[in-house]
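Text of entry-v2.tsv (TSV, C-alpha atoms) as supplied:
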chain	number	residue	atom	x	y	z
B	204	MET	CA	92.48	-53.61	-11.97
B	205	LYS	CA	93.27	-57.32	-11.77
B	206	ASN	CA	96.36	-56.62	-9.66
B	207	ASN	CA	94.31	-54.46	-7.29
B	208	THR	CA	91.80	-57.25	-6.75
B	209	ILE	CA	94.53	-59.77	-6.00
B	210	LEU	CA	96.16	-57.32	-3.61
B	211	THR	CA	92.86	-56.71	-1.82
B	212	ILE	CA	92.30	-60.45	-1.47
B	213	LEU	CA	95.80	-60.93	-0.12
B	214	ILE	CA	95.31	-58.15	2.46
B	215	LEU	CA	91.94	-59.62	3.44
B	216	LEU	CA	93.48	-63.06	3.82
B	217	ALA	CA	96.30	-61.67	5.91
B	218	ILE	CA	93.82	-59.93	8.24
B	219	ILE	CA	91.54	-62.94	8.52
B	220	LEU	CA	94.25	-65.50	9.09
B	221	THR	CA	96.07	-63.52	11.73
B	222	PRO	CA	95.69	-65.54	14.95
B	223	LEU	CA	93.67	-63.99	17.75
B	224	GLU	CA	96.61	-64.38	20.14
B	225	PRO	CA	98.02	-60.90	20.36
B	226	ILE	CA	101.60	-60.42	19.41
B	227	ILE	CA	103.25	-58.24	21.98
B	228	ALA	CA	106.37	-56.76	20.58
B	229	LYS	CA	107.24	-54.71	23.58
B	230	GLU	CA	109.83	-55.96	25.98
B	231	LEU	CA	108.54	-57.15	29.30
B	232	SER	CA	110.07	-54.79	31.74
B	233	GLN	CA	109.20	-56.99	34.68
B	234	SER	CA	112.00	-58.78	36.40
B	235	LYS	CA	111.65	-62.13	38.07
B	236	HIS	CA	111.02	-61.96	41.77
B	237	PHE	CA	112.57	-64.34	44.19
B	238	ALA	CA	110.37	-63.77	47.21
B	239	TYR	CA	106.60	-63.84	47.45
B	240	LYS	CA	104.47	-63.54	50.54
B	241	LEU	CA	100.81	-64.45	50.89
B	242	ILE	CA	98.65	-63.02	53.68
B	243	THR	CA	95.23	-64.61	54.01
B	244	LYS	CA	92.09	-63.07	55.50
B	245	GLU	CA	92.63	-65.16	58.60
B	246	GLY	CA	96.07	-63.57	59.01
B	247	ASN	CA	98.07	-66.67	58.06
B	248	ILE	CA	101.35	-65.85	56.37
B	249	TYR	CA	103.03	-67.99	53.75
B	250	GLN	CA	106.36	-67.30	52.15
B	251	SER	CA	107.75	-68.60	48.89
B	252	LEU	CA	111.45	-68.08	48.60
B	253	LEU	CA	112.13	-69.90	45.36
B	254	LEU	CA	111.06	-69.24	41.79
B	255	CYS	CA	109.39	-72.65	41.73
B	256	SER	CA	106.87	-71.59	44.44
B	257	ASP	CA	107.90	-73.63	47.44
B	258	TRP	CA	105.57	-72.29	50.12
B	259	LYS	CA	106.11	-72.39	53.86
B	260	GLU	CA	103.77	-71.16	56.53
B	261	ILE	CA	105.61	-68.77	58.77
B	262	LYS	CA	105.03	-66.96	62.02
B	263	VAL	CA	106.84	-63.78	62.92
B	264	VAL	CA	107.96	-64.30	66.51
B	265	ASP	CA	109.59	-60.95	67.11
B	266	LYS	CA	109.27	-58.10	64.61
B	267	LEU	CA	112.22	-56.17	66.07
B	268	SER	CA	114.78	-58.93	65.73
B	269	GLN	CA	113.07	-60.36	62.59
B	270	SER	CA	112.99	-63.70	64.33
B	271	MET	CA	110.69	-66.10	62.54
B	272	GLN	CA	109.63	-69.68	62.91
B	273	ILE	CA	108.26	-72.21	60.53
B	274	LYS	CA	104.81	-72.65	62.01
B	275	ASP	CA	103.54	-75.70	60.28
B	276	ILE	CA	106.13	-78.13	59.08
B	277	LYS	CA	104.17	-80.94	57.56
B	278	SER	CA	106.32	-84.08	57.54
B	279	TYR	CA	109.43	-81.97	57.91
B	280	PRO	CA	111.80	-83.13	60.63
B	281	LEU	CA	113.37	-79.75	61.44
B	282	TYR	CA	112.10	-76.90	63.58
B	283	ILE	CA	114.07	-73.73	63.05
B	284	SER	CA	114.19	-70.22	64.44
B	285	LEU	CA	116.53	-67.34	63.70
B	286	THR	CA	117.72	-64.36	65.69
B	287	ASN	CA	120.02	-61.66	64.41
B	288	MET	CA	121.80	-59.57	67.03
B	289	ASN	CA	124.89	-57.47	66.31
B	290	ASP	CA	125.93	-59.37	63.17
B	291	GLU	CA	125.65	-62.70	64.97
B	292	LEU	CA	123.03	-64.88	63.38
B	293	GLY	CA	121.67	-67.35	65.89
B	294	ILE	CA	120.21	-70.45	64.30
B	295	SER	CA	118.25	-72.87	66.44
B	296	ILE	CA	117.42	-76.18	64.77
B	297	THR	CA	115.46	-78.87	66.53
B	298	THR	CA	115.37	-82.25	64.86
B	299	PRO	CA	114.00	-85.62	65.96
B	300	GLU	CA	116.78	-87.50	64.18
B	301	GLN	CA	120.49	-87.12	63.62
B	302	ASN	CA	121.42	-85.95	60.14
B	303	VAL	CA	123.89	-83.94	58.10
B	304	SER	CA	122.43	-80.73	56.71
B	305	SER	CA	123.66	-77.94	54.49
B	306	ILE	CA	123.05	-74.31	55.33
B	307	MET	CA	123.03	-71.72	52.55
B	308	ILE	CA	122.66	-67.96	52.63
B	309	TYR	CA	121.11	-66.31	49.55
B	310	ASN	CA	120.17	-62.73	48.81
B	311	LEU	CA	116.81	-61.65	47.32
B	312	SER	CA	118.07	-62.31	43.80
B	313	GLY	CA	119.04	-65.85	44.65
B	314	PHE	CA	122.79	-65.20	44.75
B	315	LEU	CA	124.53	-67.73	47.02
B	316	PHE	CA	126.77	-65.98	49.55
B	317	GLU	CA	127.73	-68.79	51.89
B	318	GLU	CA	127.31	-72.53	52.20
B	319	TRP	CA	128.46	-74.91	54.87
B	320	GLN	CA	127.58	-78.30	56.32
B	321	ILE	CA	126.65	-79.18	59.86
B	322	ASN	CA	126.02	-82.35	61.84
B	323	LEU	CA	122.66	-82.10	63.56
B	324	PHE	CA	122.04	-84.11	66.68
B	325	VAL	CA	118.71	-85.18	68.11
B	326	GLY	CA	117.09	-82.28	69.95
B	327	GLU	CA	117.96	-78.61	69.78
B	328	ASN	CA	121.13	-77.53	67.95
B	329	ILE	CA	122.30	-73.96	68.49
B	330	ILE	CA	124.51	-72.54	65.74
B	331	SER	CA	126.04	-69.09	65.67
B	332	LYS	CA	127.18	-67.50	62.43
B	333	ASN	CA	128.96	-64.19	62.06
B	334	ILE	CA	127.41	-62.26	59.18
B	335	GLY	CA	129.49	-59.11	59.59
B	336	LYS	CA	130.96	-59.51	56.10
B	337	LEU	CA	127.58	-59.59	54.38
B	338	PRO	CA	126.41	-56.29	52.85
B	339	ASN	CA	123.28	-54.83	54.45
B	340	GLY	CA	120.14	-56.29	52.97
B	341	VAL	CA	117.62	-59.09	53.08
B	342	TYR	CA	118.82	-62.67	53.00
B	343	PHE	CA	117.39	-66.12	53.00
B	344	LEU	CA	118.82	-68.93	55.01
B	345	ASN	CA	118.11	-72.31	53.45
B	346	ILE	CA	118.64	-75.51	55.37
B	347	VAL	CA	118.71	-78.70	53.34
B	348	ASN	CA	118.80	-82.02	55.14
B	349	ASN	CA	120.19	-85.35	53.94
B	350	ILE	CA	116.98	-86.24	52.12
B	351	ASN	CA	116.91	-82.91	50.27
B	352	GLN	CA	114.09	-81.31	52.24
B	353	ILE	CA	114.47	-77.54	52.33
B	354	VAL	CA	113.42	-74.97	54.88
B	355	SER	CA	113.95	-71.28	54.12
B	356	LEU	CA	113.86	-68.37	56.52
B	357	LYS	CA	114.36	-64.67	55.89
B	358	PHE	CA	116.62	-62.40	57.88
B	359	ILE	CA	117.74	-58.79	57.61
B	360	LYS	CA	121.35	-57.69	58.03
X	223	MET	CA	81.57	-65.06	-13.00
X	224	LYS	CA	84.96	-64.16	-11.66
X	225	LYS	CA	83.38	-61.88	-9.04
X	226	ILE	CA	81.09	-64.64	-7.85
X	227	TYR	CA	84.03	-67.02	-7.62
X	228	LEU	CA	86.07	-64.49	-5.62
X	229	SER	CA	83.15	-63.72	-3.29
X	230	CYS	CA	82.65	-67.41	-2.62
X	231	MET	CA	86.34	-67.85	-1.90
X	232	ILE	CA	86.41	-64.94	0.55
X	233	LEU	CA	83.26	-66.25	2.25
X	234	PHE	CA	84.81	-69.72	2.55
X	235	VAL	CA	88.07	-68.35	4.02
X	236	LEU	CA	86.12	-66.15	6.45
X	237	THR	CA	84.02	-69.10	7.65
X	238	LEU	CA	87.16	-71.22	8.06
X	239	ALA	CA	88.98	-68.51	10.03
X	240	ILE	CA	86.01	-67.90	12.33
X	241	SER	CA	85.56	-71.61	12.98
X	242	ILE	CA	89.27	-71.97	13.84
X	243	ASN	CA	89.32	-69.02	16.21
X	244	CYS	CA	85.99	-69.70	17.89
X	245	LYS	CA	86.61	-73.24	19.04
X	246	ALA	CA	86.76	-71.96	22.65
X	247	VAL	CA	84.36	-73.59	25.04
X	248	PRO	CA	82.35	-71.44	27.44
X	249	VAL	CA	84.00	-70.97	30.80
X	250	LEU	CA	81.95	-71.01	33.98
X	251	CYS	CA	82.09	-68.54	36.85
X	252	GLU	CA	82.43	-65.41	34.77
X	253	PRO	CA	81.12	-62.75	37.16
X	254	ASP	CA	80.96	-59.72	34.86
X	255	CYS	CA	82.45	-58.13	31.74
X	256	PRO	CA	81.01	-60.72	29.28
X	257	GLU	CA	82.64	-58.86	26.40
X	258	THR	CA	86.05	-59.94	27.71
X	259	PRO	CA	85.53	-63.62	28.50
X	260	PHE	CA	88.12	-65.92	30.04
X	261	LEU	CA	90.44	-67.11	27.31
X	262	SER	CA	89.49	-70.77	27.41
X	263	GLN	CA	91.61	-71.48	24.34
X	264	TYR	CA	94.67	-70.83	26.53
X	265	PRO	CA	94.53	-73.20	29.49
X	266	LEU	CA	97.43	-72.47	31.82
X	267	THR	CA	99.13	-74.41	34.59
X	268	CYS	CA	101.30	-73.41	37.52
X	269	ASN	CA	103.36	-75.75	39.68
X	270	PHE	CA	103.85	-75.14	43.36
X	271	GLN	CA	105.04	-76.96	46.42
X	272	LEU	CA	103.74	-77.01	49.97
X	273	GLY	CA	105.81	-78.94	52.46
X	274	ASN	CA	106.90	-82.04	50.60
X	275	CYS	CA	103.85	-82.09	48.36
X	276	HIS	CA	103.69	-81.00	44.74
X	277	PHE	CA	100.60	-79.39	43.22
X	278	VAL	CA	99.62	-78.08	39.79
X	279	ALA	CA	96.97	-75.36	39.46
X	280	ASP	CA	94.92	-75.31	36.24
X	281	TYR	CA	93.57	-71.87	35.40
X	282	TYR	CA	92.49	-69.35	32.77
X	283	ILE	CA	93.00	-65.62	32.58
X	284	ARG	CA	91.41	-62.50	31.13
X	285	LYS	CA	91.73	-58.75	31.40
X	286	ALA	CA	88.15	-58.03	32.40
X	287	CYS	CA	86.72	-54.76	31.06
X	288	SER	CA	90.32	-53.75	30.35
X	289	THR	CA	90.71	-53.19	34.11
X	290	TYR	CA	90.75	-56.35	36.21
X	291	CYS	CA	93.37	-59.05	36.00
X	292	ASP	CA	91.12	-62.04	36.46
X	293	ILE	CA	92.13	-65.61	37.14
X	294	LEU	CA	89.69	-68.46	36.83
X	295	LEU	CA	90.94	-71.23	39.09
X	296	TRP	CA	89.70	-74.44	37.58
X	297	ARG	CA	91.38	-77.27	39.46
X	298	VAL	CA	94.36	-77.99	41.70
X	299	LYS	CA	96.01	-81.33	40.99
X	300	CYS	CA	97.69	-83.01	43.94
X	301	ILE	CA	100.59	-84.89	42.39
X	302	ASP	CA	101.75	-86.83	45.44
X	303	PRO	CA	99.69	-89.43	47.31
X	304	PRO	CA	98.41	-89.05	50.91
X	305	PRO	CA	99.18	-87.47	53.32
X	306	CYS	CA	99.36	-84.64	50.73
X	307	ASN	CA	95.55	-84.55	50.68
X	308	ASN	CA	95.51	-83.33	54.29
X	309	TYR	CA	95.82	-79.66	53.43
X	310	PRO	CA	92.67	-77.59	53.93
X	311	VAL	CA	90.98	-76.75	50.61
X	312	ALA	CA	90.84	-72.98	51.36
X	313	GLN	CA	94.56	-72.95	52.17
X	314	LEU	CA	95.38	-74.78	48.92
X	315	ILE	CA	93.26	-72.34	46.90
X	316	ASN	CA	94.95	-69.32	48.47
X	317	ILE	CA	98.44	-70.68	47.91
X	318	ALA	CA	97.50	-71.73	44.37
X	319	THR	CA	96.37	-68.15	43.71
X	320	ALA	CA	99.59	-66.61	45.00
X	321	SER	CA	101.58	-69.15	42.99
X	322	ILE	CA	99.62	-68.30	39.84
X	323	ILE	CA	100.38	-64.61	40.34
X	324	GLN	CA	104.03	-65.55	40.79
X	325	CYS	CA	103.93	-67.77	37.66
X	326	LEU	CA	102.25	-65.03	35.61
X	327	ARG	CA	104.83	-62.49	36.69
X	328	ASN	CA	107.79	-64.72	35.91
X	329	SER	CA	106.46	-66.10	32.62
X	330	GLY	CA	104.97	-62.92	31.17
X	331	ASP	CA	102.00	-65.07	30.10
X	332	PHE	CA	99.41	-62.46	31.07
X	333	GLU	CA	100.75	-59.87	28.65
X	334	ARG	CA	101.47	-62.45	25.97
X	335	ILE	CA	98.01	-64.00	26.02
X	336	THR	CA	95.71	-61.07	26.76
X	337	GLY	CA	97.77	-58.48	24.91
X	338	GLN	CA	97.26	-56.14	27.85
X	339	GLN	CA	99.30	-55.11	30.82
X	340	ALA	CA	99.14	-57.26	33.94
X	341	CYS	CA	98.23	-55.66	37.26
X	342	PHE	CA	101.64	-55.78	38.88
X	343	PRO	CA	103.18	-53.06	41.02
X	344	THR	CA	106.07	-51.51	39.16
X	345	GLN	CA	108.14	-50.08	41.98
X	346	PRO	CA	108.67	-50.60	45.71
X	347	GLY	CA	105.77	-49.24	47.72
X	348	ASP	CA	103.25	-49.67	44.87
X	349	CYS	CA	100.10	-51.74	45.23
X	350	ASN	CA	97.58	-52.99	42.72
X	351	TYR	CA	94.02	-53.82	43.76
X	352	ASN	CA	92.77	-55.19	40.44
X	353	TRP	CA	93.58	-58.88	40.88
X	354	ARG	CA	90.50	-61.07	41.18
X	355	VAL	CA	90.10	-64.82	41.34
X	356	SER	CA	86.92	-66.45	40.20
X	357	LYS	CA	86.17	-70.04	41.13
X	358	ALA	CA	83.40	-72.26	42.39
X	359	SER	CA	82.25	-71.74	45.96
X	360	CYS	CA	82.14	-75.47	46.66
X	361	TRP	CA	85.10	-77.76	46.23
X	362	LYS	CA	85.88	-81.37	46.96
X	363	TRP	CA	88.79	-83.76	46.87
X	364	PHE	CA	88.85	-86.23	44.01
X	365	GLN	CA	91.04	-89.21	43.23
X	366	ASN	CA	92.51	-89.71	39.79
X	367	SER	CA	91.16	-93.07	38.64
X	368	SER	CA	94.13	-93.62	36.34
X	369	TYR	CA	96.71	-92.99	39.06
X	370	ASN	CA	99.19	-95.86	39.15
X	371	ALA	CA	100.75	-96.16	42.61
X	372	THR	CA	103.47	-98.49	41.31
X	373	HIS	CA	104.89	-95.67	39.19
X	374	PRO	CA	106.39	-92.47	40.55
X	375	PRO	CA	103.90	-89.60	40.76
X	376	THR	CA	104.17	-87.10	37.92
X	377	GLU	CA	101.98	-84.38	36.42
X	378	GLU	CA	100.36	-87.10	34.29
X	379	ASN	CA	100.37	-89.84	36.92
X	380	TYR	CA	98.93	-87.66	39.67
X	381	TRP	CA	97.15	-88.91	42.79
X	382	GLY	CA	94.11	-86.59	42.68
X	383	GLY	CA	93.29	-83.06	43.67
X	384	ILE	CA	90.53	-80.59	44.39
X	385	SER	CA	87.87	-79.56	41.90
X	386	TYR	CA	84.42	-78.04	41.68
X	387	CYS	CA	81.54	-79.67	43.52
X	388	THR	CA	78.97	-77.72	41.60
X	389	THR	CA	79.43	-75.17	38.87
X	390	ASP	CA	76.45	-72.92	39.50
X	391	VAL	CA	77.63	-71.29	42.74
X	392	CYS	CA	80.67	-69.11	42.22
X	393	CYS	CA	83.01	-67.11	44.40
X	394	LEU	CA	84.94	-63.99	43.47
X	395	THR	CA	87.89	-63.00	45.67
X	396	TRP	CA	89.86	-59.77	45.47
X	397	TYR	CA	93.60	-59.71	46.08
X	398	LYS	CA	95.95	-56.82	46.69
X	399	VAL	CA	99.39	-57.25	45.13
X	400	CYS	CA	102.12	-54.98	46.48
X	401	MET	CA	105.85	-54.64	46.18
X	402	ASP	CA	107.48	-53.85	49.50
X	403	SER	CA	110.55	-51.70	50.00
X	404	LEU	CA	112.74	-54.80	49.67
X	405	GLY	CA	111.32	-55.80	46.30
X	406	GLN	CA	109.31	-58.65	47.74
X	407	ILE	CA	105.85	-59.25	46.23
X	408	ILE	CA	103.11	-59.38	48.87
X	409	VAL	CA	99.80	-60.96	47.88
X	410	THR	CA	97.02	-60.16	50.35
X	411	GLU	CA	93.60	-61.78	50.24
X	412	LEU	CA	90.86	-59.16	50.52
X	413	GLU	CA	87.13	-59.80	50.42
X	414	SER	CA	85.11	-62.51	48.71
X	415	ASN	CA	81.61	-62.51	47.24
X	416	SER	CA	79.50	-65.51	46.37
X	417	ASN	CA	76.32	-65.72	44.34
X	418	GLY	CA	74.90	-68.43	46.58
X	419	THR	CA	75.69	-71.04	49.16
X	420	CYS	CA	76.98	-74.56	48.82
X	421	PRO	CA	74.09	-77.01	48.47
X	422	TYR	CA	73.60	-79.47	51.31
X	423	ASP	CA	75.93	-82.41	50.79
X	424	PRO	CA	75.01	-85.44	52.90
X	425	THR	CA	78.45	-86.99	52.25
X	426	GLY	CA	80.17	-83.94	53.70
X	427	GLN	CA	82.68	-83.91	50.87
X	428	CYS	CA	81.77	-80.51	49.45
X	429	ILE	CA	83.50	-77.68	51.22
X	430	SER	CA	82.50	-74.03	51.00
X	431	ILE	CA	85.54	-71.81	50.44
X	432	CYS	CA	83.83	-68.44	50.16
X	433	ASP	CA	83.09	-67.57	53.77

Show this structure as structure tokens.
Amino acid sequence: MKNNTILTILILLAIILTPLEPIIAKELSQSKHFAYKLITKEGNIYQSLLLCSDWKEIKVVDKLSQSMQIKDIKSYPLYISLTNMNDELGISITTPEQNVSSIMIYNLSGFLFEEWQINLFVGENIISKNIGKLPNGVYFLNIVNNINQIVSLKFIK
Amino acid sequence: MKKIYLSCMILFVLTLAISINCKAVPVLCEPDCPETPFLSQYPLTCNFQLGNCHFVADYYIRKACSTYCDILLWRVKCIDPPPCNNYPVAQLINIATASIIQCLRNSGDFERITGQQACFPTQPGDCNYNWRVSKASCWKWFQNSSYNATHPPTEENYWGGISYCTTDVCCLTWYKVCMDSLGQIIVTELESNSNGTCPYDPTGQCISICD
């Protein structure tokens, strides 16, 4: 009898002292997603291409060629547009100051496929990149300038 | 005598447990489902960046009526000094919301804290319409009085941010969250409802974000 009482008390204590925060034993099947897009009621489009939520406002210039432009580059000294025709990626970068920038091509999972450096001159810089070796898919082109500012654009191969 | 002693002990432990677990403070702007309140004992934060400016969104969550994945947006801290306060309030709130959904997906916090499944699409082409964001209808910019400009801005030493102007007028916004064929998550703002209008503010600082 005495043992039963102690056992009951212990069970009661265990129930009472269990924290309200639920313990979820099941594995979270969700994977992390690299790319997020926000479409507002006004039709503005924002794209976050990094896990740390770095948002850019974008404007789709031409849906067929997937050409896009950064619409609102607050305090960012680059203006970039992309065109993709027959495995030739055309990159147009307009900058008000000369600088050395790095260009990186990532896939949706964040895997780095290519990286190279370019000297940007004042005004428009036209760069052509052959992407014939890349598997078909969606890629992000990141441009990082000499003060570590990043602009990302999406393109489809 | 022993029974009385045991009863007293159980009563004491019960009181203690209830007082520990019920320290939550009431959360404002709870539109419906009062039986599943926002979990104020679990304040959450989400960092995001817009241009060169860093922000931190403070929020709470709940699974309302076991159906809706609700976010209560409480405040958005603007870490960096001006010109980072030039962003429109409605734009900041929308981007904060999408960032929170991104943070919740990547952290698994929704499932961990509510104990229920989050409203995420599971496969390409799927959409979920059960995301809602509750917040005040009127917001204003504030400056952090303890911000020290001689030190680098951090989450603690932040410049200011946006917060509620008044707590009695609330706004509920629906969002659609889809996964496109490429695996990208698309957050689309749907409609908003408000239980009132922003009171007249002669200083012009209070901005209505529920139009």

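Atom CA of X:Asp331 is positioned 26.2 Å from atom CA of B:Asn310.
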
At most 8 Å is the cut-off: for each residue in chain X with any atom that close to an atom of chain B, write down the nearest atom pair and the distance in Å rounded to one decimal, counting only C-alpha atoms, chain first then increasing number, as JSON lines.
{"residue": "X:Ile232", "atom": "CA", "partner": "B:Ile212", "partner_atom": "CA", "distance": 7.7}
{"residue": "X:Val235", "atom": "CA", "partner": "B:Leu216", "partner_atom": "CA", "distance": 7.6}
{"residue": "X:Leu236", "atom": "CA", "partner": "B:Ile219", "partner_atom": "CA", "distance": 6.6}
{"residue": "X:Ala239", "atom": "CA", "partner": "B:Leu220", "partner_atom": "CA", "distance": 6.1}
{"residue": "X:Asn243", "atom": "CA", "partner": "B:Leu223", "partner_atom": "CA", "distance": 6.8}
{"residue": "X:Asn269", "atom": "CA", "partner": "B:Cys255", "partner_atom": "CA", "distance": 7.1}
{"residue": "X:Phe270", "atom": "CA", "partner": "B:Ser256", "partner_atom": "CA", "distance": 4.8}
{"residue": "X:Gln271", "atom": "CA", "partner": "B:Asp257", "partner_atom": "CA", "distance": 4.5}
{"residue": "X:Leu272", "atom": "CA", "partner": "B:Trp258", "partner_atom": "CA", "distance": 5.1}
{"residue": "X:Gly273", "atom": "CA", "partner": "B:Lys277", "partner_atom": "CA", "distance": 5.7}
{"residue": "X:Asn274", "atom": "CA", "partner": "B:Ser278", "partner_atom": "CA", "distance": 7.3}
{"residue": "X:Asn316", "atom": "CA", "partner": "B:Thr243", "partner_atom": "CA", "distance": 7.3}
{"residue": "X:Ile317", "atom": "CA", "partner": "B:Leu241", "partner_atom": "CA", "distance": 7.3}
{"residue": "X:Ala320", "atom": "CA", "partner": "B:Leu241", "partner_atom": "CA", "distance": 6.4}
{"residue": "X:Ser321", "atom": "CA", "partner": "B:Ser256", "partner_atom": "CA", "distance": 6.0}
{"residue": "X:Gln324", "atom": "CA", "partner": "B:Tyr239", "partner_atom": "CA", "distance": 7.3}
{"residue": "X:Arg327", "atom": "CA", "partner": "B:Lys235", "partner_atom": "CA", "distance": 7.0}
{"residue": "X:Asn328", "atom": "CA", "partner": "B:Lys235", "partner_atom": "CA", "distance": 5.1}
{"residue": "X:Gly330", "atom": "CA", "partner": "B:Leu231", "partner_atom": "CA", "distance": 7.0}
{"residue": "X:Glu333", "atom": "CA", "partner": "B:Ile227", "partner_atom": "CA", "distance": 7.3}
{"residue": "X:Arg334", "atom": "CA", "partner": "B:Ile227", "partner_atom": "CA", "distance": 6.1}
{"residue": "X:Ile335", "atom": "CA", "partner": "B:Glu224", "partner_atom": "CA", "distance": 6.1}
{"residue": "X:Thr336", "atom": "CA", "partner": "B:Pro225", "partner_atom": "CA", "distance": 6.8}
{"residue": "X:Gly337", "atom": "CA", "partner": "B:Pro225", "partner_atom": "CA", "distance": 5.2}
{"residue": "X:Thr344", "atom": "CA", "partner": "B:Gln233", "partner_atom": "CA", "distance": 7.7}
{"residue": "X:Leu404", "atom": "CA", "partner": "B:Val341", "partner_atom": "CA", "distance": 7.3}
{"residue": "X:Gly405", "atom": "CA", "partner": "B:His236", "partner_atom": "CA", "distance": 7.7}
{"residue": "X:Gln406", "atom": "CA", "partner": "B:Ala238", "partner_atom": "CA", "distance": 5.3}
{"residue": "X:Ile407", "atom": "CA", "partner": "B:Tyr239", "partner_atom": "CA", "distance": 4.8}
{"residue": "X:Ile408", "atom": "CA", "partner": "B:Lys240", "partner_atom": "CA", "distance": 4.7}
{"residue": "X:Val409", "atom": "CA", "partner": "B:Leu241", "partner_atom": "CA", "distance": 4.7}
{"residue": "X:Thr410", "atom": "CA", "partner": "B:Ile242", "partner_atom": "CA", "distance": 4.7}
{"residue": "X:Glu411", "atom": "CA", "partner": "B:Thr243", "partner_atom": "CA", "distance": 5.0}
{"residue": "X:Leu412", "atom": "CA", "partner": "B:Lys244", "partner_atom": "CA", "distance": 6.4}
{"residue": "X:Glu413", "atom": "CA", "partner": "B:Lys244", "partner_atom": "CA", "distance": 7.8}

Write out the residues from the selection above, keeping C-alpha atoms, as a PDB file, keeping the file's coordinate frame.
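Result file is again_7.pdb:
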ATOM      1  CA  ILE X 232      86.410 -64.940   0.550  1.00  0.00           C
ATOM      2  CA  VAL X 235      88.070 -68.350   4.020  1.00  0.00           C
ATOM      3  CA  LEU X 236      86.120 -66.150   6.450  1.00  0.00           C
ATOM      4  CA  ALA X 239      88.980 -68.510  10.030  1.00  0.00           C
ATOM      5  CA  ASN X 243      89.320 -69.020  16.210  1.00  0.00           C
ATOM      6  CA  ASN X 269     103.360 -75.750  39.680  1.00  0.00           C
ATOM      7  CA  PHE X 270     103.850 -75.140  43.360  1.00  0.00           C
ATOM      8  CA  GLN X 271     105.040 -76.960  46.420  1.00  0.00           C
ATOM      9  CA  LEU X 272     103.740 -77.010  49.970  1.00  0.00           C
ATOM     10  CA  GLY X 273     105.810 -78.940  52.460  1.00  0.00           C
ATOM     11  CA  ASN X 274     106.900 -82.040  50.600  1.00  0.00           C
ATOM     12  CA  ASN X 316      94.950 -69.320  48.470  1.00  0.00           C
ATOM     13  CA  ILE X 317      98.440 -70.680  47.910  1.00  0.00           C
ATOM     14  CA  ALA X 320      99.590 -66.610  45.000  1.00  0.00           C
ATOM     15  CA  SER X 321     101.580 -69.150  42.990  1.00  0.00           C
ATOM     16  CA  GLN X 324     104.030 -65.550  40.790  1.00  0.00           C
ATOM     17  CA  ARG X 327     104.830 -62.490  36.690  1.00  0.00           C
ATOM     18  CA  ASN X 328     107.790 -64.720  35.910  1.00  0.00           C
ATOM     19  CA  GLY X 330     104.970 -62.920  31.170  1.00  0.00           C
ATOM     20  CA  GLU X 333     100.750 -59.870  28.650  1.00  0.00           C
ATOM     21  CA  ARG X 334     101.470 -62.450  25.970  1.00  0.00           C
ATOM     22  CA  ILE X 335      98.010 -64.000  26.020  1.00  0.00           C
ATOM     23  CA  THR X 336      95.710 -61.070  26.760  1.00  0.00           C
ATOM     24  CA  GLY X 337      97.770 -58.480  24.910  1.00  0.00           C
ATOM     25  CA  THR X 344     106.070 -51.510  39.160  1.00  0.00           C
ATOM     26  CA  LEU X 404     112.740 -54.800  49.670  1.00  0.00           C
ATOM     27  CA  GLY X 405     111.320 -55.800  46.300  1.00  0.00           C
ATOM     28  CA  GLN X 406     109.310 -58.650  47.740  1.00  0.00           C
ATOM     29  CA  ILE X 407     105.850 -59.250  46.230  1.00  0.00           C
ATOM     30  CA  ILE X 408     103.110 -59.380  48.870  1.00  0.00           C
ATOM     31  CA  VAL X 409      99.800 -60.960  47.880  1.00  0.00           C
ATOM     32  CA  THR X 410      97.020 -60.160  50.350  1.00  0.00           C
ATOM     33  CA  GLU X 411      93.600 -61.780  50.240  1.00  0.00           C
ATOM     34  CA  LEU X 412      90.860 -59.160  50.520  1.00  0.00           C
ATOM     35  CA  GLU X 413      87.130 -59.800  50.420  1.00  0.00           C
TER      36      GLU X 413
END

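Closest to B:Glu327 among B:Ser295, B:Ser304, B:Asn289, B:Asn207 is B:Ser295, based on only C-alpha atoms.
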
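The environment of X:Tyr386 within 7 Å, counting all atoms listed in the file and disregarding residues fewer than 6 places along the same chain, consists of Ala358, Cys360, Trp361 and Lys362 of chain X.
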
How big is the axis-aligned box around the listed atoms of stretch 333-344 of chain B once 3 Å is added on each side, and where is its centre? Give both in Å to one decimal, as JSON.
{"center_x": 124.2, "center_y": -61.9, "center_z": 57.5, "size_x": 19.6, "size_y": 20.1, "size_z": 15.2}

List as a ChimeraX atom specification the protein and nucleic acid residues near stretch 290-300 of chain X, meaning an atom at most 9 Å away when only C-alpha atoms are counted, but skip any in the same chain fewer than 5 places from it. /X:249-252,260,275-285,306-307,314-315,318-319,322-323,332,339-341,351-358,377,380-386

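Here atom CA of X:Cys325 stands at a distance of 22.6 Å from atom CA of X:Cys287.
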
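The interatomic distance for the pair atom CA of X:Ile301 and atom CA of X:Pro375 works out to 6.0 Å.
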
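For the set X:Pro424, X:Pro304, X:Pro253, X:Pro259, the residue with the smallest atom-to-atom gap to X:Leu394 is X:Pro253, counting all atoms listed in the file.
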